[in-house]
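*Asks:* Dropping in query36.cif, which is mmCIF, C-alpha atoms and all ligand atoms:
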data_target
#
loop_
_atom_site.label_atom_id
_atom_site.label_comp_id
_atom_site.auth_asym_id
_atom_site.auth_seq_id
_atom_site.Cartn_x
_atom_site.Cartn_y
_atom_site.Cartn_z
CA MET A 1 -15.53 14.49 19.92
CA VAL A 2 -12.49 13.76 17.80
CA ILE A 3 -12.58 10.68 15.57
CA GLN A 4 -9.29 9.13 16.59
CA PHE A 5 -7.08 7.32 14.11
CA ASN A 6 -6.50 4.55 16.65
CA ASP A 7 -8.01 3.88 20.03
CA PHE A 8 -5.86 1.61 22.17
CA ARG A 9 -8.18 1.46 25.14
CA ILE A 10 -9.73 -1.91 25.81
CA GLN A 11 -12.74 -2.18 23.52
CA SER A 12 -15.25 -4.32 25.44
CA PRO A 13 -15.91 -5.73 28.93
CA GLN A 14 -15.21 -9.20 27.51
CA GLU A 15 -11.81 -8.14 26.22
CA ASP A 16 -11.03 -6.35 29.46
CA HIS A 17 -11.88 -9.50 31.40
CA ALA A 18 -9.88 -11.79 29.10
CA ILE A 19 -6.77 -9.61 29.36
CA ARG A 20 -6.98 -9.38 33.15
CA VAL A 21 -7.37 -13.15 33.41
CA ALA A 22 -4.32 -13.60 31.15
CA VAL A 23 -2.16 -11.17 33.14
CA ASP A 24 -3.25 -12.77 36.40
CA ARG A 25 -2.36 -16.22 35.07
CA VAL A 26 1.20 -15.02 34.36
CA LEU A 27 1.53 -13.35 37.77
CA LYS A 28 0.47 -16.57 39.49
CA SER A 29 2.74 -18.75 37.32
CA GLY A 30 5.91 -16.97 38.44
CA HIS A 31 7.35 -17.57 34.97
CA PHE A 32 8.04 -14.46 32.88
CA ILE A 33 10.22 -15.26 29.85
CA LEU A 34 9.79 -18.00 27.19
CA GLY A 35 7.35 -20.24 29.03
CA ARG A 36 3.95 -21.85 28.50
CA GLU A 37 2.24 -18.66 27.29
CA VAL A 38 4.86 -18.10 24.59
CA GLU A 39 4.63 -21.76 23.53
CA ASP A 40 0.83 -21.55 23.39
CA PHE A 41 0.93 -18.36 21.38
CA GLU A 42 3.54 -19.74 18.98
CA SER A 43 1.45 -22.78 18.33
CA SER A 44 -1.81 -20.78 17.89
CA TRP A 45 -0.13 -18.23 15.65
CA ALA A 46 1.50 -20.93 13.49
CA SER A 47 -1.87 -22.58 12.98
CA SER A 48 -3.61 -19.22 12.35
CA CYS A 49 -1.12 -18.63 9.51
CA GLU A 50 -1.13 -22.28 8.40
CA CYS A 51 2.60 -22.51 8.98
CA ARG A 52 4.56 -25.35 10.59
CA HIS A 53 6.40 -23.03 12.98
CA SER A 54 6.11 -19.70 14.71
CA ILE A 55 8.92 -18.25 16.85
CA GLY A 56 8.04 -15.45 19.23
CA VAL A 57 10.55 -12.59 19.36
CA ALA A 58 10.76 -9.08 20.79
CA SER A 59 9.61 -7.03 17.76
CA GLY A 60 8.86 -7.00 14.06
CA LEU A 61 12.29 -5.56 13.33
CA ASP A 62 13.93 -8.45 15.21
CA ALA A 63 11.72 -10.99 13.41
CA LEU A 64 13.10 -9.72 10.08
CA GLU A 65 16.71 -9.59 11.24
CA ILE A 66 16.65 -13.00 12.94
CA GLY A 67 14.92 -14.53 9.92
CA LEU A 68 17.58 -13.08 7.58
CA ARG A 69 20.38 -14.34 9.84
CA SER A 70 18.73 -17.76 10.06
CA ILE A 71 18.91 -18.20 6.29
CA GLY A 72 22.52 -17.04 6.26
CA VAL A 73 21.99 -13.59 4.74
CA GLY A 74 24.88 -11.35 5.81
CA PRO A 75 27.93 -9.42 4.62
CA GLY A 76 28.39 -9.46 0.84
CA ASP A 77 24.69 -10.14 0.20
CA GLU A 78 22.15 -7.74 -1.24
CA VAL A 79 18.48 -7.72 -0.29
CA ILE A 80 15.93 -5.86 -2.42
CA THR A 81 12.92 -4.16 -0.85
CA THR A 82 10.78 -1.02 -1.05
CA GLY A 83 11.40 2.47 0.30
CA MET A 84 7.66 2.84 0.93
CA THR A 85 7.63 0.94 4.22
CA ALA A 86 8.43 1.33 7.90
CA ALA A 87 12.16 2.03 8.17
CA ALA A 88 12.42 -1.21 10.20
CA THR A 89 12.29 -3.28 6.99
CA VAL A 90 15.51 -1.67 5.78
CA ILE A 91 17.14 -1.43 9.22
CA ALA A 92 16.77 -5.22 9.58
CA ILE A 93 18.73 -5.82 6.36
CA THR A 94 21.50 -3.48 7.49
CA ARG A 95 21.63 -5.02 10.96
CA ALA A 96 21.95 -8.51 9.48
CA GLY A 97 25.09 -7.15 7.77
CA ALA A 98 23.69 -7.21 4.24
CA VAL A 99 23.24 -4.36 1.75
CA PRO A 100 19.68 -3.05 1.21
CA VAL A 101 18.69 -2.12 -2.35
CA LEU A 102 15.48 -0.17 -2.94
CA ALA A 103 13.20 -0.83 -5.89
CA ASP A 104 10.27 1.38 -6.90
CA ILE A 105 6.57 0.75 -6.32
CA ASP A 106 3.55 0.28 -8.54
CA PRO A 107 1.56 3.52 -8.08
CA ALA A 108 -1.75 1.63 -8.25
CA THR A 109 -1.03 -0.36 -5.08
CA ALA A 110 2.12 1.20 -3.52
CA LEU A 111 3.59 -2.34 -3.53
CA LEU A 112 6.96 -3.37 -5.04
CA ASP A 113 7.12 -3.10 -8.81
CA LEU A 114 8.45 -6.21 -10.55
CA GLU A 115 10.22 -4.42 -13.41
CA SER A 116 12.01 -2.15 -11.00
CA VAL A 117 13.07 -5.14 -8.89
CA GLU A 118 14.43 -6.78 -12.07
CA ARG A 119 16.64 -3.73 -12.63
CA CYS A 120 17.97 -4.05 -9.07
CA ILE A 121 19.06 -7.70 -9.33
CA THR A 122 22.82 -8.37 -9.34
CA LYS A 123 25.02 -11.42 -8.76
CA ARG A 124 24.93 -10.62 -5.05
CA THR A 125 21.12 -10.50 -4.65
CA ARG A 126 20.14 -13.10 -2.05
CA ALA A 127 16.57 -12.16 -1.17
CA ILE A 128 13.58 -9.91 -1.78
CA ILE A 129 11.52 -8.64 1.14
CA LEU A 130 7.98 -8.26 -0.10
CA VAL A 131 6.09 -5.86 2.18
CA HIS A 132 2.33 -6.53 2.25
CA LEU A 133 1.86 -2.79 2.72
CA TYR A 134 -1.36 -1.47 4.30
CA GLY A 135 -2.55 -5.10 4.62
CA GLN A 136 -2.56 -6.01 0.91
CA MET A 137 -1.35 -9.31 -0.52
CA ARG A 138 -1.01 -9.17 -4.28
CA ASN A 139 0.65 -11.36 -6.92
CA THR A 140 2.46 -13.43 -4.29
CA LYS A 141 2.48 -16.48 -6.60
CA LYS A 142 4.11 -14.39 -9.30
CA TRP A 143 6.73 -13.14 -6.85
CA LYS A 144 7.42 -16.70 -5.70
CA ASP A 145 7.97 -17.85 -9.30
CA PHE A 146 10.14 -14.82 -9.98
CA CYS A 147 12.33 -15.58 -6.96
CA GLU A 148 12.61 -19.25 -7.92
CA GLN A 149 13.71 -18.30 -11.43
CA HIS A 150 16.43 -16.07 -10.03
CA SER A 151 17.37 -18.49 -7.18
CA ILE A 152 16.76 -15.87 -4.51
CA ALA A 153 14.78 -16.12 -1.30
CA LEU A 154 11.30 -14.63 -0.99
CA ILE A 155 10.68 -13.06 2.41
CA GLU A 156 7.38 -11.58 3.56
CA ASP A 157 7.16 -8.52 5.81
CA CYS A 158 3.74 -9.23 7.33
CA ALA A 159 3.77 -6.50 9.98
CA GLN A 160 0.61 -4.99 8.43
CA SER A 161 -1.06 -8.10 7.02
CA HIS A 162 -2.18 -10.44 9.82
CA LEU A 163 -4.55 -13.06 8.35
CA ALA A 164 -4.53 -11.72 4.77
CA ILE A 165 -5.07 -14.58 2.29
CA GLU A 166 -4.20 -14.89 -1.38
CA ASP A 167 -4.84 -17.99 -3.52
CA GLY A 168 -5.74 -19.88 -0.35
CA CYS A 169 -2.44 -19.05 1.38
CA TYR A 170 -2.05 -16.90 4.48
CA ALA A 171 0.43 -14.04 4.66
CA GLY A 172 3.70 -15.47 5.94
CA SER A 173 3.14 -18.98 4.58
CA ILE A 174 4.43 -18.37 1.04
CA GLY A 175 7.97 -17.02 1.43
CA LEU A 176 10.89 -18.75 3.12
CA PHE A 177 9.65 -16.98 6.22
CA GLY A 178 7.21 -14.26 7.23
CA ALA A 179 7.95 -11.61 9.86
CA PHE A 180 5.13 -10.26 12.03
CA SER A 181 4.99 -7.31 14.39
CA PHE A 182 2.55 -7.11 17.31
CA TYR A 183 3.30 -3.46 18.07
CA PRO A 184 0.13 -1.95 19.59
CA THR A 185 -1.00 -0.23 16.36
CA LYS A 186 -0.92 -3.44 14.31
CA ASN A 187 -4.01 -5.51 13.50
CA LEU A 188 -2.99 -7.87 16.30
CA GLY A 189 -1.31 -5.68 18.91
CA ALA A 190 0.29 -6.52 22.25
CA LEU A 191 0.38 -4.06 25.15
CA GLY A 192 4.05 -3.46 24.42
CA ASP A 193 6.54 -4.72 21.83
CA ALA A 194 6.43 -8.23 20.35
CA GLY A 195 6.97 -9.99 17.03
CA ALA A 196 7.13 -13.43 15.43
CA ILE A 197 8.73 -15.34 12.59
CA VAL A 198 6.58 -17.91 10.82
CA THR A 199 7.98 -20.56 8.49
CA GLN A 200 7.37 -23.98 6.98
CA ASN A 201 11.10 -24.77 7.25
CA ASP A 202 12.21 -26.88 10.25
CA ALA A 203 15.92 -25.95 10.14
CA LEU A 204 15.14 -22.24 9.82
CA ALA A 205 12.75 -22.41 12.77
CA GLU A 206 15.34 -24.13 14.95
CA LYS A 207 18.02 -21.60 14.08
CA ALA A 208 15.71 -18.62 14.67
CA ALA A 209 14.73 -20.00 18.08
CA GLN A 210 18.42 -20.22 18.98
CA ILE A 211 19.36 -16.76 17.68
CA ARG A 212 16.63 -15.03 19.72
CA ASN A 213 18.10 -16.59 22.89
CA TYR A 214 21.88 -15.87 22.72
CA GLY A 215 22.32 -18.60 20.09
CA GLN A 216 21.74 -21.32 22.67
CA SER A 217 20.76 -24.84 21.58
CA SER A 218 20.41 -25.79 25.24
CA ARG A 219 21.24 -23.91 28.42
CA TYR A 220 24.75 -22.40 28.25
CA VAL A 221 25.52 -24.14 24.96
CA HIS A 222 25.89 -21.46 22.28
CA GLN A 223 25.51 -23.08 18.88
CA VAL A 224 25.37 -19.90 16.78
CA PHE A 225 25.89 -16.17 17.29
CA GLY A 226 22.75 -14.80 18.84
CA PHE A 227 21.29 -12.01 20.91
CA ASN A 228 18.43 -11.35 23.28
CA SER A 229 15.11 -11.06 21.49
CA ARG A 230 12.89 -13.19 23.69
CA MET A 231 9.13 -12.75 23.82
CA ASP A 232 7.92 -12.34 27.37
CA GLU A 233 5.11 -14.31 28.99
CA MET A 234 3.01 -11.23 29.75
CA GLN A 235 2.85 -10.13 26.10
CA ALA A 236 2.29 -13.72 24.94
CA ALA A 237 -0.61 -14.15 27.39
CA ILE A 238 -2.15 -10.86 26.21
CA LEU A 239 -1.73 -11.92 22.58
CA ASN A 240 -3.34 -15.29 23.36
CA ALA A 241 -6.33 -13.38 24.73
CA LYS A 242 -6.51 -10.82 21.92
CA LEU A 243 -6.15 -13.43 19.18
CA THR A 244 -9.77 -14.42 19.96
CA TRP A 245 -10.97 -11.14 18.41
CA LEU A 246 -8.65 -10.90 15.44
CA GLU A 247 -10.98 -12.47 12.86
CA ASP A 248 -13.82 -10.28 14.08
CA SER A 249 -11.83 -7.08 13.91
CA THR A 250 -10.51 -8.04 10.47
CA ILE A 251 -14.12 -8.32 9.25
CA LYS A 252 -14.87 -4.90 10.77
CA ARG A 253 -11.89 -3.39 8.95
CA ARG A 254 -13.10 -4.93 5.67
CA ASN A 255 -16.59 -3.51 6.19
CA ILE A 256 -15.15 -0.05 6.81
CA ALA A 257 -12.97 -0.24 3.69
CA ARG A 258 -15.93 -1.45 1.61
CA GLN A 259 -18.02 1.47 2.87
CA TYR A 260 -15.25 3.96 2.03
CA ARG A 261 -14.65 2.45 -1.42
CA SER A 262 -18.30 2.56 -2.38
CA SER A 263 -18.97 6.07 -1.11
CA ILE A 264 -15.84 8.24 -1.28
CA SER A 265 -16.20 10.31 -4.40
CA ASN A 266 -14.26 13.53 -4.83
CA SER A 267 -12.38 14.40 -8.01
CA TYR A 268 -9.45 15.73 -5.94
CA VAL A 269 -9.00 12.39 -4.18
CA GLY A 270 -7.65 9.14 -5.62
CA LEU A 271 -7.83 5.65 -4.13
CA LEU A 272 -5.47 2.71 -4.47
CA SER A 273 -6.60 -0.10 -6.70
CA ALA A 274 -9.16 -2.34 -4.94
CA PRO A 275 -8.04 -5.83 -3.91
CA LEU A 276 -8.98 -8.59 -6.38
CA PHE A 277 -10.76 -10.42 -3.56
CA GLU A 278 -11.65 -8.89 -0.21
CA GLU A 279 -9.72 -11.60 1.64
CA ASN A 280 -6.47 -10.39 0.00
CA HIS A 281 -6.62 -7.22 2.10
CA VAL A 282 -6.86 -6.81 5.89
CA ASN A 283 -7.04 -3.01 5.70
CA HIS A 284 -4.44 -2.20 8.31
CA LEU A 285 -4.57 1.28 6.79
CA PHE A 286 -6.96 2.98 4.38
CA VAL A 287 -4.89 5.23 2.16
CA MET A 288 -6.03 7.94 -0.25
CA MET A 289 -3.98 10.16 -2.53
CA THR A 290 -4.37 13.87 -3.19
CA LYS A 291 -2.17 16.63 -4.57
CA HIS A 292 -3.57 18.91 -1.87
CA ARG A 293 -2.71 16.79 1.15
CA ASP A 294 -1.92 19.51 3.69
CA ASP A 295 -5.15 21.24 2.84
CA LEU A 296 -7.22 18.06 3.23
CA ARG A 297 -5.49 17.15 6.50
CA GLU A 298 -6.20 20.57 7.98
CA TYR A 299 -9.77 20.52 6.75
CA LEU A 300 -10.39 17.10 8.30
CA MET A 301 -8.66 18.04 11.55
CA SER A 302 -10.84 21.14 11.83
CA ARG A 303 -13.79 18.75 11.56
CA ASP A 304 -12.38 16.51 14.31
CA ILE A 305 -11.04 13.76 12.04
CA GLN A 306 -7.52 12.56 12.74
CA THR A 307 -5.36 11.45 9.82
CA LEU A 308 -1.79 10.14 9.51
CA ILE A 309 0.68 9.73 6.64
CA HIS A 310 2.25 6.37 5.73
CA TYR A 311 4.87 7.37 4.85
CA PRO A 312 5.74 11.06 4.41
CA ILE A 313 9.50 10.52 3.87
CA PRO A 314 10.55 7.42 1.95
CA VAL A 315 13.50 5.46 3.39
CA HIS A 316 16.06 6.75 0.84
CA ARG A 317 15.29 10.36 1.88
CA GLN A 318 16.13 9.66 5.53
CA PRO A 319 19.65 10.78 6.57
CA PRO A 320 20.96 7.32 7.65
CA PHE A 321 19.99 5.94 4.22
CA SER A 322 20.91 8.85 1.95
CA GLU A 323 23.57 6.71 0.20
CA ILE A 324 21.38 3.61 -0.14
CA ALA A 325 21.55 1.63 -3.41
CA LYS A 326 18.44 1.86 -5.59
CA ASP A 327 16.89 1.27 -8.99
CA PRO A 328 19.14 3.00 -11.58
CA LEU A 329 16.01 4.74 -12.91
CA GLY A 330 15.32 6.22 -9.48
CA LEU A 331 12.19 5.84 -7.34
CA PRO A 332 9.71 8.31 -8.91
CA ALA A 333 6.56 6.39 -7.94
CA THR A 334 7.77 6.09 -4.33
CA GLU A 335 8.44 9.84 -4.24
CA ALA A 336 5.05 10.72 -5.71
CA HIS A 337 3.22 8.43 -3.31
CA ALA A 338 5.08 9.85 -0.29
CA ALA A 339 4.02 13.34 -1.38
CA GLU A 340 0.33 12.52 -1.84
CA CYS A 341 -0.71 9.66 0.46
CA LEU A 342 -3.03 10.21 3.40
CA SER A 343 -4.37 7.55 5.80
CA ILE A 344 -7.89 8.08 7.13
CA PRO A 345 -9.31 6.32 10.21
CA CYS A 346 -10.26 2.66 9.58
CA SER A 347 -9.67 0.98 12.90
CA PRO A 348 -12.34 -1.45 14.09
CA HIS A 349 -13.48 0.81 16.95
CA LEU A 350 -15.19 3.20 14.48
CA THR A 351 -18.96 3.23 14.35
CA SER A 352 -20.87 3.27 11.10
CA SER A 353 -22.07 6.85 11.69
CA GLU A 354 -18.45 7.90 12.19
CA ILE A 355 -17.56 6.29 8.85
CA ASP A 356 -20.49 8.14 7.23
CA TYR A 357 -19.28 11.40 8.75
CA VAL A 358 -15.67 10.89 7.52
CA THR A 359 -16.98 10.05 4.04
CA GLU A 360 -19.27 13.06 3.94
CA MET A 361 -16.49 15.41 5.04
CA ILE A 362 -14.14 14.07 2.34
CA ASN A 363 -16.83 14.29 -0.33
CA THR A 364 -17.71 17.91 0.48
CA TRP A 365 -14.08 19.10 0.53
CA THR A 366 -12.65 21.36 -2.17
CA PRO A 367 -8.99 22.40 -1.94
CA LEU A 368 -8.64 26.08 -0.98
CA GLN A 369 -6.35 26.67 -3.94
CA VAL A 370 -9.11 25.91 -6.43
CA ILE A 371 -11.99 27.76 -4.72
C1 LIG B 401 5.62 -2.00 12.20
C2 LIG B 401 6.38 -2.48 11.04
C3 LIG B 401 7.64 -3.10 11.18
C4 LIG B 401 8.40 -3.15 12.47
O1 LIG B 401 7.77 -3.73 13.55
P1 LIG B 401 8.23 -3.35 15.05
O2 LIG B 401 7.49 -4.34 15.89
O3 LIG B 401 7.81 -1.94 15.29
O4 LIG B 401 9.71 -3.54 15.12
C5 LIG B 401 8.25 -3.61 10.05
N1 LIG B 401 7.66 -3.50 8.83
C6 LIG B 401 6.48 -2.90 8.66
C7 LIG B 401 5.90 -2.83 7.28
C8 LIG B 401 5.80 -2.35 9.75
O5 LIG B 401 4.62 -1.74 9.56
#
When written as structure tokens, how does the structure in this file appear?

*Replies:*
Amino acid sequence: MVIQFNDFRIQSPQEDHAIRVAVDRVLKSGHFILGREVEDFESSWASSCECRHSIGVASGLDALEIGLRSIGVGPGDEVITTGMTAAATVIAITRAGAVPVLADIDPATALLDLESVERCITKRTRAIILVHLYGQMRNTKKWKDFCEQHSIALIEDCAQSHLAIEDGCYAGSIGLFGAFSFYPTKNLGALGDAGAIVTQNDALAEKAAQIRNYGQSSRYVHQVFGFNSRMDEMQAAILNAKLTWLEDSTIKRRNIARQYRSSISNSYVGLLSAPLFEENHVNHLFVMMTKHRDDLREYLMSRDIQTLIHYPIPVHRQPPFSEIAKDPLGLPATEAHAAECLSIPCSPHLTSSEIDYVTEMINTWTPLQVI
């Protein structure tokens, strides 16, 4: 049997029951868009992240774009982020009308590199989008200070970092706002598309709630320019049900990562630097590096282990972004990471014998080229 990278089937009879109850509740309510379920989820998610507000939207991409628009980022503004992310991070900046600028990453973590960001700052820089890639929060206090010094906004892309904590603060609670995705692969996944903005800022929250619903402040009164990015009741009800298991599945992910870290040992394989504290990392993905990636992928696939690559082509190498502005010194660490990174299964459905098997297969691998 293949060890799947992700398994989206319902994981337990309890979860199955909870989701059916939630769906049934929505069917009986006769209310399908922005109702009680969305309000309940927004309030639970805000308190899970220790934020004053959470605004449910249609996707993670929309959460970023609406957040940017809510703080007035638009034409003439530059926003710095990483090219080692889901393209959505950069698409959101472009869609808000601003200019994305890519800085390089720190090869030890694959997260934004501060010195590279410094080289990207101009008079027009309005914000930095910090991506808590793979589930890691790191140096967020330092980034906050850095942004304050330069009078620019700190924004958190939390699409991979649900419930990560650093220095006692949850992902999303440190920047001006945090943007979450609940795409099915994420640590908290809906059964369709969904996203949320979290923030401590009352005015920002109000504006974001208007923008997601045609810019309306009340019915048929359009206060600002907006569009349709409403969360639906069905997804909100499912998220309300699935939220019950998020802490549990986060612990499972941490256990898997701990097991991998303590037992993967192969001189042809490198690991990212371990988190300072386990709570800093929610292990959305477990990423290794090797110069013989195709070989390792094939070897693992032939032993029934699925792997994926996050991300094989950095944003600046994608045709729509071939002219994108970037660090004047280039993005060598981003390029090297894209060429060598490999994500191995670490989703909470894996059993401990499956983890042992994956580890053993990695440890006994030698690249064909060197045999
Ligand atoms: C998934 C993801 C997004 C986009 O979320 P969608 O809900 O798919 O729009 C943005 N940023 C990162 C880092 C992601 O992983």

*Asks:* Can I get the residues of chain A within 9 Å of ligand LIG 401 (chain B), each with the closest pair of atoms and their distance in Å to one decimal, using only C-alpha atoms and all ligand atoms, sorted chain first then ascending number, as CSV?

*Replies:*
residue,atom,partner,partner_atom,distance
A:Ala58,CA,B:LIG401,O2,7.6
A:Ser59,CA,B:LIG401,O2,3.9
A:Gly60,CA,B:LIG401,O1,3.5
A:Leu61,CA,B:LIG401,O4,3.7
A:Asp62,CA,B:LIG401,O4,6.5
A:Ala63,CA,B:LIG401,O4,7.9
A:Leu64,CA,B:LIG401,C5,7.8
A:Met84,CA,B:LIG401,C7,8.7
A:Thr85,CA,B:LIG401,C7,5.2
A:Ala86,CA,B:LIG401,C6,4.7
A:Ala87,CA,B:LIG401,C5,7.1
A:Ala88,CA,B:LIG401,C5,4.8
A:Thr89,CA,B:LIG401,N1,5.0
A:Val90,CA,B:LIG401,N1,8.6
A:Ala92,CA,B:LIG401,C5,8.7
A:Val131,CA,B:LIG401,C7,5.9
A:His132,CA,B:LIG401,C7,7.2
A:Leu133,CA,B:LIG401,C7,6.1
A:Tyr134,CA,B:LIG401,C7,8.0
A:Asp157,CA,B:LIG401,N1,5.9
A:Cys158,CA,B:LIG401,C7,6.8
A:Ala159,CA,B:LIG401,C8,4.6
A:Gln160,CA,B:LIG401,O5,5.3
A:Ser161,CA,B:LIG401,C7,8.7
A:Ala179,CA,B:LIG401,C5,8.0
A:Phe180,CA,B:LIG401,O1,7.2
A:Ser181,CA,B:LIG401,O2,4.2
A:Phe182,CA,B:LIG401,O2,5.8
A:Tyr183,CA,B:LIG401,O2,4.8
A:Pro184,CA,B:LIG401,O2,8.6
A:Thr185,CA,B:LIG401,C1,8.0
A:Lys186,CA,B:LIG401,C1,7.0
A:Asp193,CA,B:LIG401,O2,6.0
A:Ala194,CA,B:LIG401,O2,6.0
A:Gly195,CA,B:LIG401,O2,5.8

*Asks:* To one decimal place, how far is atom CA of A:Phe41 from atom CA of A:Leu239 in Å?

*Replies:* 7.1 Å

*Asks:* Show me the residues close to (16.5, -21.7, 8.3) - anything with an atom within 6 Å, counting only C-alpha atoms - and format the list as a ChimeraX atom specification.

*Replies:* /A:70-71,203-205,207

*Asks:* Quick one: contact table of stretch 188-278 of chain A to stretch 345-354 of chain A, 12 Å max, nearest atom pair and distance in Å to one decimal per residue, counting all atoms listed in the file, chain and number order, as a tab-separated table?

*Replies:*
residue	atom	partner	partner_atom	distance
A:Leu188	CA	A:Pro348	CA	11.6
A:Trp245	CA	A:Pro348	CA	10.7
A:Leu246	CA	A:Pro348	CA	10.2
A:Glu247	CA	A:Pro348	CA	11.2
A:Asp248	CA	A:Pro348	CA	9.0
A:Ser249	CA	A:Pro348	CA	5.7
A:Thr250	CA	A:Pro348	CA	7.7
A:Ile251	CA	A:Pro348	CA	8.6
A:Lys252	CA	A:Pro348	CA	5.4
A:Arg253	CA	A:Pro348	CA	5.5
A:Arg254	CA	A:Cys346	CA	9.0
A:Asn255	CA	A:Pro348	CA	9.2
A:Ile256	CA	A:Cys346	CA	6.2
A:Ala257	CA	A:Cys346	CA	7.1
A:Arg258	CA	A:Cys346	CA	10.6
A:Gln259	CA	A:Ser352	CA	8.9
A:Tyr260	CA	A:Cys346	CA	9.1
A:Arg261	CA	A:Cys346	CA	11.8

*Asks:* Let me make sure I understand: among A:His337, A:Arg52, A:His162, A:Arg95, which one has the smallest atom-to-atom distance to A:Ile309 if we use only C-alpha atoms?

*Replies:*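 Looking only at the distances to A:Ile309, the closest residue turns out to be A:His337.
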
*Asks:* How far is it from atom CA of A:Tyr214 to atom CA of A:Phe227, in Å with one decimal?

*Replies:*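 Atom-to-atom, atom CA of A:Tyr214 and atom CA of A:Phe227 are spaced 4.3 Å apart.
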
*Asks:* When you get a chance, write out N, CA, C and O atoms for stretch 343-354 of chain A, as an mmCIF file, in the frame of the given file.

*Replies:*
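The result, written out as selection-v6.cif:
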data_model
loop_
_atom_site.group_PDB
_atom_site.id
_atom_site.type_symbol
_atom_site.label_atom_id
_atom_site.label_comp_id
_atom_site.auth_asym_id
_atom_site.auth_seq_id
_atom_site.Cartn_x
_atom_site.Cartn_y
_atom_site.Cartn_z
ATOM 1 N N SER A 343 -3.626 8.663 5.198
ATOM 2 C CA SER A 343 -4.370 7.550 5.800
ATOM 3 C C SER A 343 -5.510 8.103 6.639
ATOM 4 O O SER A 343 -5.292 8.943 7.510
ATOM 5 N N ILE A 344 -6.724 7.623 6.362
ATOM 6 C CA ILE A 344 -7.890 8.080 7.130
ATOM 7 C C ILE A 344 -8.275 6.973 8.126
ATOM 8 O O ILE A 344 -7.906 5.821 7.945
ATOM 9 N N PRO A 345 -9.015 7.316 9.174
ATOM 10 C CA PRO A 345 -9.310 6.320 10.210
ATOM 11 C C PRO A 345 -10.016 5.083 9.630
ATOM 12 O O PRO A 345 -10.958 5.222 8.840
ATOM 13 N N CYS A 346 -9.538 3.886 9.983
ATOM 14 C CA CYS A 346 -10.260 2.660 9.580
ATOM 15 C C CYS A 346 -10.110 1.570 10.633
ATOM 16 O O CYS A 346 -10.225 0.399 10.344
ATOM 17 N N SER A 347 -9.858 2.000 11.871
ATOM 18 C CA SER A 347 -9.670 0.980 12.900
ATOM 19 C C SER A 347 -11.027 0.453 13.356
ATOM 20 O O SER A 347 -12.053 1.132 13.225
ATOM 21 N N PRO A 348 -11.057 -0.799 13.840
ATOM 22 C CA PRO A 348 -12.340 -1.450 14.090
ATOM 23 C C PRO A 348 -13.213 -0.794 15.174
ATOM 24 O O PRO A 348 -14.383 -1.134 15.284
ATOM 25 N N HIS A 349 -12.660 0.174 15.917
ATOM 26 C CA HIS A 349 -13.480 0.810 16.950
ATOM 27 C C HIS A 349 -14.483 1.819 16.361
ATOM 28 O O HIS A 349 -15.389 2.273 17.044
ATOM 29 N N LEU A 350 -14.332 2.168 15.077
ATOM 30 C CA LEU A 350 -15.190 3.200 14.480
ATOM 31 C C LEU A 350 -16.622 2.694 14.302
ATOM 32 O O LEU A 350 -16.852 1.547 13.937
ATOM 33 N N THR A 351 -17.562 3.591 14.544
ATOM 34 C CA THR A 351 -18.960 3.230 14.350
ATOM 35 C C THR A 351 -19.368 3.573 12.909
ATOM 36 O O THR A 351 -18.672 4.341 12.235
ATOM 37 N N SER A 352 -20.499 3.040 12.484
ATOM 38 C CA SER A 352 -20.870 3.270 11.100
ATOM 39 C C SER A 352 -21.266 4.738 10.878
ATOM 40 O O SER A 352 -21.040 5.282 9.789
ATOM 41 N N SER A 353 -21.771 5.415 11.899
ATOM 42 C CA SER A 353 -22.070 6.850 11.690
ATOM 43 C C SER A 353 -20.777 7.665 11.617
ATOM 44 O O SER A 353 -20.726 8.684 10.918
ATOM 45 N N GLU A 354 -19.740 7.214 12.314
ATOM 46 C CA GLU A 354 -18.450 7.900 12.190
ATOM 47 C C GLU A 354 -17.885 7.740 10.770
ATOM 48 O O GLU A 354 -17.346 8.681 10.191
#
